[in-house]
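Participant: Mind looking over this structure? Questions follow.
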Amino acid sequence: MSLLSVRNLGVGFGQVEAVKSVSFDISEHSTVALVGESGSGKSVTALSILGLLPETATRRGEILYGGRNLLQTASRELRALRGAEISMIFQEPMSSLNPVFSVGFQVGEALREHLGLSRGGARRRILELFREVGLSDPEVKVGRYPFQLSGGEQQRVMIAMAIACEPKLLIADEPTSALDVTVQKQILDLIAELQRRRRMSMLFITHDLSLVGTIAEQVIVMRQGEIREQGSVAEVFGAPRDDYTRALLACRPPLDHRPARLPTIESLAPAKEERKRGLRGDEAVVLEARGLAKRFDRVEAVKGASFRLAKGRTLGLVGESGSGKTTLGFLVTGLHRASAGEVRFHGEDARSVPRLAFKRKVQIVFQNPYASLNPRFSVGQILTEPMRIHGIGRDEAERRSRAEGLLAKVGLPGSALFKYPHEFSGGQRQRIAIARALALGPELVVCDEAVSALDVSIQAQLLNLLQDLQDEYAMSYLFISHDLAVVKYMADEVMVMKDGEIVEMAGSDEIYAEPKHPYTKALLASIPK
Amino acid sequence: MKYVVRRLWQFVPTLAGVVLLVFFLFNWVGGDPAYILAGKIANPELIENIRRSLGVDQPYWVQLWIFVRQVATGDFGVSWATNERVSQIFATRLGPSLTVLLPLLITSTLLAMAAAMLVAYWRGSLTDRAIMIGCTVGQSISILVYILVFQYVLAYQLGWFPVQGWGGTLGENLLRYGALPVLVGVVVALAPDIRLYRSFFLDEINQDYVRTARAKGLAEGRVMWLHVLRNAAIPIATNVMIQIPGLLAGAFLIERFFSIPGIGREVILAVERSDFPVIKAVTIYVAIATMIINLAADLLYKALDPRVELE
Amino acid sequence: MSLWRLAWRRFCRDRVGIVSAAIVLAYVLLAAASAAGWVARDWSNEVGVSYAPPGFLGRDTVQEGLGEVIKAQPRADYGIPDPLGAELADIHANVSGASGRDTRAKTLAFGGDKWGRDVVQKAIKGTETSLVVGLAAAVLATFLGTLFGAAAGYRGGWVDDFFNWLYSVFTSIPYLLLVLAVAAVLDQKGILTVILILGLTGWTGIFRLIRAEYLKHRVREYVLAADAIGASNARRVFVHILPNVSHVVLVQLSLHVVLFIKSEVILSFLGFGVGVDTVSWGSMLAEAPSELILGMWWQIAAATAAMALAVTAFSLFTDAVRDALDPRLA
């Protein structure tokens with residue numbers, strides 16, 4: 001029995017068609033996963049169900065629920081449905097909650113609006129709900145403001161608000177994407193449990209295919225406003241018919257083996273050879289850190305880190321947000337000055353190496369492709385600037401031709417020299433950032449979450465590129481990420497960081513097979529199967 | 001409370017700076033006051049006497065010390081024009097200023113908030129654009145014109161209000177003499193306030209929590225008047241508080257034309273007559289008032305916004 | 001295509017922006033022509049009769065009125081020759097414009113002031129004054145505010161403390177009060193004085209914004225990247241960050257032109273602005289109270305209209321520039 005039916009839904013904003021013609025059904029008591037990368041139109045589809053799109057959006061088609069077309073329903077009736085029969089939770093819990101009202105008040109609003117409960121009745125119900133969603137000390141939490149709660153707690157509050165009136169359909173728009181890895185699993189389990197116990201239907205939206213298996217029965221794959229494939233999880237995962245789906249499934253670095261190259265949308269065939277990782281022990285040491293520490297005002301971001309980077313090898317650094325991993329990367333690059341400890345570069349104290357000489361050897365690629373390139377510079381200026389500062393190349397013409405060479409190395413055409421960052425996609429900008437890092441011929445490159453902001457299919461391309469460059473130039477990488485699968489794929493040795501300390505360090509195969517520290521075990525346990 | 005004490009301590013360097021600035025302006029740049037006081041009669045003996053009595057024949061650091069003492073004791077001597085004690089001038093002029101200022105502030109803020117919220121809600125509509133253009137044009141007309149025209153049309157021609165003057169009782173002042181000045185003040189303040197508050201409301205309307213409130217099924221009215229307003233009230237309230245010192249001195253044009261015996265009018269008269277002690281004293285007093293009001297604004301901000309932590 | 005070019009394109013699509021830019025340009029050209037002496041050079045010539053009404057009103061109502069008043073007085077001789085007769089005749093002739101100075105016009109395009117000077121010419125000359133003051137003072141204030149803001153925001157530490165202290169000192173005193181105090185002290189009129197007064201006191205708003213921008217950009221990744229490739233501090237401040245805050249600077253410059261035009265009008269009105277040999281919209285408005293009582297509204301109307309059009313055009317132009325430059329749309 002179909003609870004909600006979407007028929008030929010189309011949504012446009014001005015000239016752009018965000019959703020082209022989408023049709024699917026959601027049955028009673030079942031979960032449908034809607035998967036797509038950024039720009040696929042999945043969120044827009046979800047928002048149109050509840051009529052939460054901006055006024056300027058144009059809508060076509062039908063959304064059938066309870067015998068009505070929701071796209072044509074009057075707003076007063078629609079409001080009666082929202083929060084009562086159909087609820088929604090969003091990706092960013094911090095900004096989705098009103099900062100100036102207590103969380104108890106906000107959950108209570110839904111109860112009072114739809115169920116007409118009295119003050120006392122509402123309060124009791126709120127406490128029950130808080131307990132149900134796993135919030136500790138509900139009596140205390142009721143009076144708290146959103147900013148006083150952690151990300152995971154905020155999302156639990158959002159969930160409580162959404163299920164308060166026993167909805168028939170829960171729409172969850174990337175509910176775990178903004179949370180730490182260890183918390184993600186808890187929230188996912190909670191949502192799955194609630195769906196089962198209350199026999200709700202759920203529309204679960206995500207960009208991460210690996211989450212789908214644990215939570216949904218049906219899956220829909222969207223790309224650029226269209227549905228590419230839909231069916232049961234077994235069908236779609238087992239025998240995907242669409243190229244894009246296959247790419248999505250294949251492009252994630254697998255945990256159990258390590259192909260020499262990752263499949264990408266362009267070349268889906270898996271590579272046959274495996275790549276061996278690990279240190280032999282006799283490699284030259286490019287950089288060594290001893291007791292490196294950094295403190296900001298009263299906070300100790302890094303508390304004494306010691307490690308070694310071998311030539312031509314990759315050292316992975318794994319941690320959640322706030323672990324200090326980015327700070328550590330900045331310390332290595334010299335962007336922050338260490339409060340204690342030292343960095344030795346080829347045996348010499350890094351502080352005694354002249355500033356420019358050090359920067360030629362140690363480079364960095366940042367996480368955010370939209371923020372790491374100066375929007376006012378052309379690509380040519382971005383690439384030739386380091387050369388100009390370090391005196392590479394006799395004149396502008398030579399520098400320009402070197403820049404073209406760099407662009408070719410990262411797979412971009414020479415015409416890109418005259419364009420500006422905003423004319424490129426996220427993945428292309430990251431290639432430009434890599435080209436910039438390469439411009440000085442460094443020995444060590446810090447990759448600070450360099451692929452984390454990219455879609456899975458683009459990620460695979462960039463990881464292949466980074467690996468090719470390492471093979472060609474024998475550069476060392478300090479590869480920082482919160483994504484365990486990516487780190488395992490790329491790194492020879494892995495350090496795990498928590499609250500500023502390195503809690504475990506071992507070869508990448510060993511650490512995943514036999515983690516020793518409890519935190520490492522918790523991290524590995526949270527990877528969805 | 002530690003925060004308040006810390007902030008009070010921070011007044012000192014700022015106040016010192018203001019004192020220095022005022023001193024620099026008036027005692028150094030300001031030319032020889034003796035000539036001004038002596039009037040047209042430039043009798044050298046007279047000038048010397050005046051100089052000695054004012055202490056301007058002393059070296060600069062002595063003069064500075066005299067000034068600092070004046071600031072500390074609140075005794076700025078007497079007005080050069082009327083010989084009235086400066087502190088006395090303030091005590092008597094504060095009342096009338098506030099009688100106009102407070103109704104003006106309250107009325108214009110409430111009206112501007114309501115108008116701004118409606119306009120922000122109907123963003124992009126014809127009403128929105130018409131009102132915004134109206135505000136832009138309204139702001140382009142000098143306050144002088146508003147005063148002159150309103151006075152001429154509403155008071156002189158139509159006789160609805162007294163042209164100028166001040167009465168004896170509070171009631172009379174509020175309702176009769178103060179009505180037109182407040183009206184002019186409100187009209188002048190509306191345009192920039194509506195524009196500013198509109199931007200505050202727009203910032204809030206685009207926030208995620210508004211989407212959540214709608215997703216819960218709340219009525220639009222509740223979403224706007226409770227959720228959005230409560231958040232927008234924070235920058236609005238602090239903005240209102242920050243305007244107060246400016247209004248104290250800035251209502252001088254209104255006070256001057258409507259002959260309201262307030263602080264602003266004193267300032268204009270003092271400036272016209274080069275009455276340095278009065279100008280110096282006003283500047284210092286208003287500076288102190290500004291610092292206190294800024295502190296109050298920060299405390300208000302903390303009271304309204306639970307996220308704010310005052311270290 | 002650079003962001004500037006994109007912004008230009010966006011601006012060209014904004015009809016209100018184009019129209020207001022055209023009006024602003026017209027004003028600037030008018031001011032330049034006036035400064036060069038091509039128009040309104042003889043504004044101070046008393047070409048009309050006192051309080052000459054605007055031509056479009058039809059008749060010289062005022063003159064008729066005053067003439068009537070004089071004619072209406074009965075002349076009782078008693079055989080004694082009127083000792084003041086000659087003088088009275090003179091006055092009568094002057095008022096009705098029939099004396100030797102026959103060349104005085106009875107009506108002017110938009111009327112005349114008390115001394116018979118052409119209001120239109122005065123308004124044009126006032127445009128020159130206001131625009132020169134507004135633009136020059138805005139450039140000065142923006143320069144100071146940007147320089148101080150960049151230093152404080154980027155360097156931090158004691159540099160920031162110093163400028164913040166300076167900022168709090170200047171802002172403890174309400175703007176107009178500070179301007180008046182400086183004007184009272186300088187006691188010297190003239191365009192240069194006004195420009196200095198406004199420019200040296202008006203930098204605070206810009207300082208605060210630019211400082212906030214530099215604080216924000218200083219930790220942005222493209223600046224860190226510049227550090228990583230070896231760019232010096234100076235290079236980061238001027239070559240990297242400044243172009244990215246230039247849109248804020250431009251909008252502030254434009255806003256302050258408007259603010260300073262309005263401030264100059266108030267200063268001139270109170271008598272602290274330009275000297276008596278220069279005309280400003282403010283000095284025109286200063287003559288208004290006495291004129292309104294007599295029912296002469298054209299000077300205040302001309303000054304107000306000229307100023308309102310200029311300021312409105314500038315404000316709309318500023319809004320259009322801000323919308324075009326908004327990096328969020330990029």
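Note on naming: chains are A, B, ... as they come in the structure tokens, residues start from 1 per chain, ligands start from 1 in the order shown.
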Taking only stretch 48-210 of chain A into account, list the residues labelled strand (DSSP E) by DSSP (computed from the backbone), as a PyMOL selection string.

Facilitator: chain A and resi 57-65+68-69+86-89+169-173+201-206

Participant: Each residue of chain C with at least one atom at most 7 Å from chain A should appear once, together with its nearest atom pair and the corresponding distance in Å (one decimal); atoms considered: only C-alpha atoms; ordering: chain, then increasing residue number; output as JSON lines.

Facilitator:
```
{"residue": "C:Met1", "atom": "CA", "partner": "A:Lys419", "partner_atom": "CA", "distance": 6.0}
{"residue": "C:Ser2", "atom": "CA", "partner": "A:Tyr420", "partner_atom": "CA", "distance": 6.0}
{"residue": "C:Leu3", "atom": "CA", "partner": "A:Arg376", "partner_atom": "CA", "distance": 6.5}
{"residue": "C:Arg220", "atom": "CA", "partner": "A:Ala371", "partner_atom": "CA", "distance": 6.8}
{"residue": "C:Glu221", "atom": "CA", "partner": "A:Ser372", "partner_atom": "CA", "distance": 4.5}
{"residue": "C:Tyr222", "atom": "CA", "partner": "A:Ser372", "partner_atom": "CA", "distance": 4.0}
{"residue": "C:Ala225", "atom": "CA", "partner": "A:Ser372", "partner_atom": "CA", "distance": 6.6}
{"residue": "C:Ala228", "atom": "CA", "partner": "A:Lys359", "partner_atom": "CA", "distance": 6.2}
{"residue": "C:Ile229", "atom": "CA", "partner": "A:Pro386", "partner_atom": "CA", "distance": 5.5}
{"residue": "C:Gly230", "atom": "CA", "partner": "A:Leu356", "partner_atom": "CA", "distance": 5.8}
{"residue": "C:Ala231", "atom": "CA", "partner": "A:Ile389", "partner_atom": "CA", "distance": 6.9}
{"residue": "C:Pro243", "atom": "CA", "partner": "A:Arg376", "partner_atom": "CA", "distance": 6.8}
{"residue": "C:Asn244", "atom": "CA", "partner": "A:Arg376", "partner_atom": "CA", "distance": 6.8}
{"residue": "C:Ala330", "atom": "CA", "partner": "A:His422", "partner_atom": "CA", "distance": 6.9}
```

Participant: Would you give me, as a CSV table (one decimal) with C-alpha atoms, in the first residue's frame, the residues of chain C that come within 9 Å of chain B, using only C-alpha atoms?

Facilitator:
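Result file selection_19.csv:
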```csv
chain,number,residue,atom,x,y,z
C,165,TRP,CA,41.3,52.7,21.6
C,166,LEU,CA,41.4,55.5,19.0
C,168,SER,CA,36.5,54.2,21.0
C,169,VAL,CA,37.7,57.7,21.7
C,170,PHE,CA,36.3,59.0,18.5
C,171,THR,CA,33.0,57.2,18.7
C,172,SER,CA,32.4,58.1,22.3
C,173,ILE,CA,31.6,61.5,21.0
C,174,PRO,CA,28.5,61.5,18.7
C,175,TYR,CA,29.4,62.3,15.2
C,176,LEU,CA,27.6,65.6,14.7
C,177,LEU,CA,28.8,66.8,18.1
C,178,LEU,CA,32.4,66.0,17.2
C,180,LEU,CA,30.5,70.8,15.5
C,181,ALA,CA,33.2,70.9,18.2
C,182,VAL,CA,36.0,70.7,15.6
C,183,ALA,CA,34.2,73.4,13.5
C,184,ALA,CA,33.8,75.6,16.6
C,185,VAL,CA,37.5,75.3,17.3
C,186,LEU,CA,38.8,75.8,13.8
C,187,ASP,CA,36.5,78.8,13.4
C,258,VAL,CA,26.0,60.7,0.9
C,262,LYS,CA,24.2,65.8,4.2
C,265,VAL,CA,24.6,71.0,4.3
C,266,ILE,CA,23.9,71.1,8.0
C,269,PHE,CA,23.3,76.0,7.4
C,270,LEU,CA,24.6,76.6,10.8
C,271,GLY,CA,27.2,78.9,9.4
C,272,PHE,CA,30.2,76.7,10.0
C,282,GLY,CA,23.0,74.5,3.2
C,285,LEU,CA,18.4,76.6,3.2
C,288,ALA,CA,14.7,79.8,4.0
C,289,PRO,CA,13.1,80.6,7.4
C,292,LEU,CA,9.0,81.2,4.1
C,293,ILE,CA,7.4,83.7,6.4
C,300,ILE,CA,14.1,76.1,-0.4
C,304,THR,CA,15.8,70.6,-1.5
C,305,ALA,CA,15.0,69.2,-5.0
C,307,MET,CA,19.8,67.7,-2.9
C,308,ALA,CA,17.1,65.1,-2.9
C,309,LEU,CA,17.7,64.1,-6.4
C,310,ALA,CA,21.5,63.9,-5.9
C,311,VAL,CA,21.3,61.9,-2.7
C,312,THR,CA,18.6,59.6,-3.9
C,313,ALA,CA,20.5,58.9,-7.1
C,315,SER,CA,21.9,56.0,-2.7
C,316,LEU,CA,20.2,53.9,-5.4
```

Participant: Can you work out the spacing between atom CA of B:Asn83 and atom CA of B:Val71 in Å, to one decimal?

Facilitator: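 These two atoms are separated by 18.8 Å.
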
Participant: Taking only residues of chain A that have an atom at most 9 Å from an atom of chain B, what is each one's shortest atom pair and its distance in Å to one decimal, using only C-alpha atoms, in chain and number order, as a Markdown table?

Facilitator:
```
| residue | atom | partner | partner_atom | distance |
| --- | --- | --- | --- | --- |
| A:Leu50 | CA | B:Ala215 | CA | 7.2 |
| A:Gly51 | CA | B:Ala215 | CA | 8.8 |
| A:Leu52 | CA | B:Arg211 | CA | 7.0 |
| A:Arg76 | CA | B:Ala219 | CA | 8.1 |
| A:Leu78 | CA | B:Gly217 | CA | 7.8 |
| A:Arg79 | CA | B:Gly217 | CA | 4.4 |
| A:Ala80 | CA | B:Gly217 | CA | 6.0 |
| A:Leu81 | CA | B:Gly217 | CA | 6.9 |
| A:Arg82 | CA | B:Gly217 | CA | 4.5 |
| A:Gly83 | CA | B:Lys216 | CA | 4.2 |
| A:Ala84 | CA | B:Lys216 | CA | 7.6 |
| A:Ile86 | CA | B:Ala215 | CA | 8.8 |
| A:Ser87 | CA | B:Ala215 | CA | 6.8 |
| A:Met88 | CA | B:Ala215 | CA | 6.6 |
| A:Ile89 | CA | B:Thr212 | CA | 8.0 |
| A:Phe90 | CA | B:Thr212 | CA | 8.2 |
| A:Glu92 | CA | B:Asp208 | CA | 8.5 |
| A:Met94 | CA | B:Tyr209 | CA | 8.9 |
| A:Ser95 | CA | B:Asp208 | CA | 5.6 |
| A:Ser96 | CA | B:Tyr209 | CA | 4.2 |
| A:Leu97 | CA | B:Tyr209 | CA | 5.0 |
| A:Asn98 | CA | B:Tyr209 | CA | 5.2 |
| A:Pro99 | CA | B:Arg307 | CA | 7.4 |
| A:Val100 | CA | B:Asp305 | CA | 6.2 |
| A:Phe101 | CA | B:His227 | CA | 8.5 |
| A:Gln106 | CA | B:Ala213 | CA | 8.6 |
| A:Glu109 | CA | B:Leu218 | CA | 8.1 |
| A:Ala110 | CA | B:Lys216 | CA | 5.8 |
| A:Glu113 | CA | B:Leu218 | CA | 6.9 |
| A:His114 | CA | B:Gly217 | CA | 8.0 |
| A:Tyr145 | CA | B:Pro306 | CA | 7.5 |
| A:Pro146 | CA | B:Arg307 | CA | 8.9 |
| A:Phe147 | CA | B:Arg307 | CA | 6.6 |
| A:Gln148 | CA | B:Arg307 | CA | 8.3 |
| A:Met161 | CA | B:Lys216 | CA | 8.0 |
| A:Ala162 | CA | B:Lys216 | CA | 7.5 |
```

Participant: Report the distance between atom CA of A:Lys516 and atom CA of A:Val302 in Å, rounded to one decimal place.

Facilitator: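 Calculated distance between atom CA of A:Lys516 and atom CA of A:Val302 is 21.4 Å.
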
Participant: Excluding same-chain residues fewer than 5 positions from B:Leu202, what lies within 9 Å of it counting only C-alpha atoms, as number ranges by chain?

Facilitator: B: 117, 120-121, 123, 197, 207

Participant: B:Leu300, B:Leu269, B:Ile194, B:Met224: which is nearest B:Ala112, counting only C-alpha atoms?

Facilitator: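 Counting only C-alpha atoms, the residue closest to B:Ala112 is B:Ile194.
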
Participant: Can you list, as a ChimeraX atom specification, every protein, DNA or RNA residue that comes within 8 Å of C:Val279 when you count only C-alpha atoms, leaving out same-chain residues fewer than 5 positions away?

Facilitator: /C:122,125-126,129,274,284

Participant: Would you please give, as a count of residues only, all residues of stretch 208-261 of chain B that DSSP assigns to helix (DSSP H, G or I) based on the backbone?

Facilitator: 45

Participant: Can you measure atom CA of A:Arg290 to atom CA of A:Leu469 for me? One decimal in Å is fine.

Facilitator: 28.1 Å

Participant: Would you kindly return, as number ranges by chain, each protein, DNA or RNA residue with an atom no farther than 12 Å from any atom of A:Glu493, considering only C-alpha atoms and excluding same-chain residues fewer than 4 positions away?

Facilitator: A: 276-281, 307-310, 313-318, 476-480, 487-489, 504-512
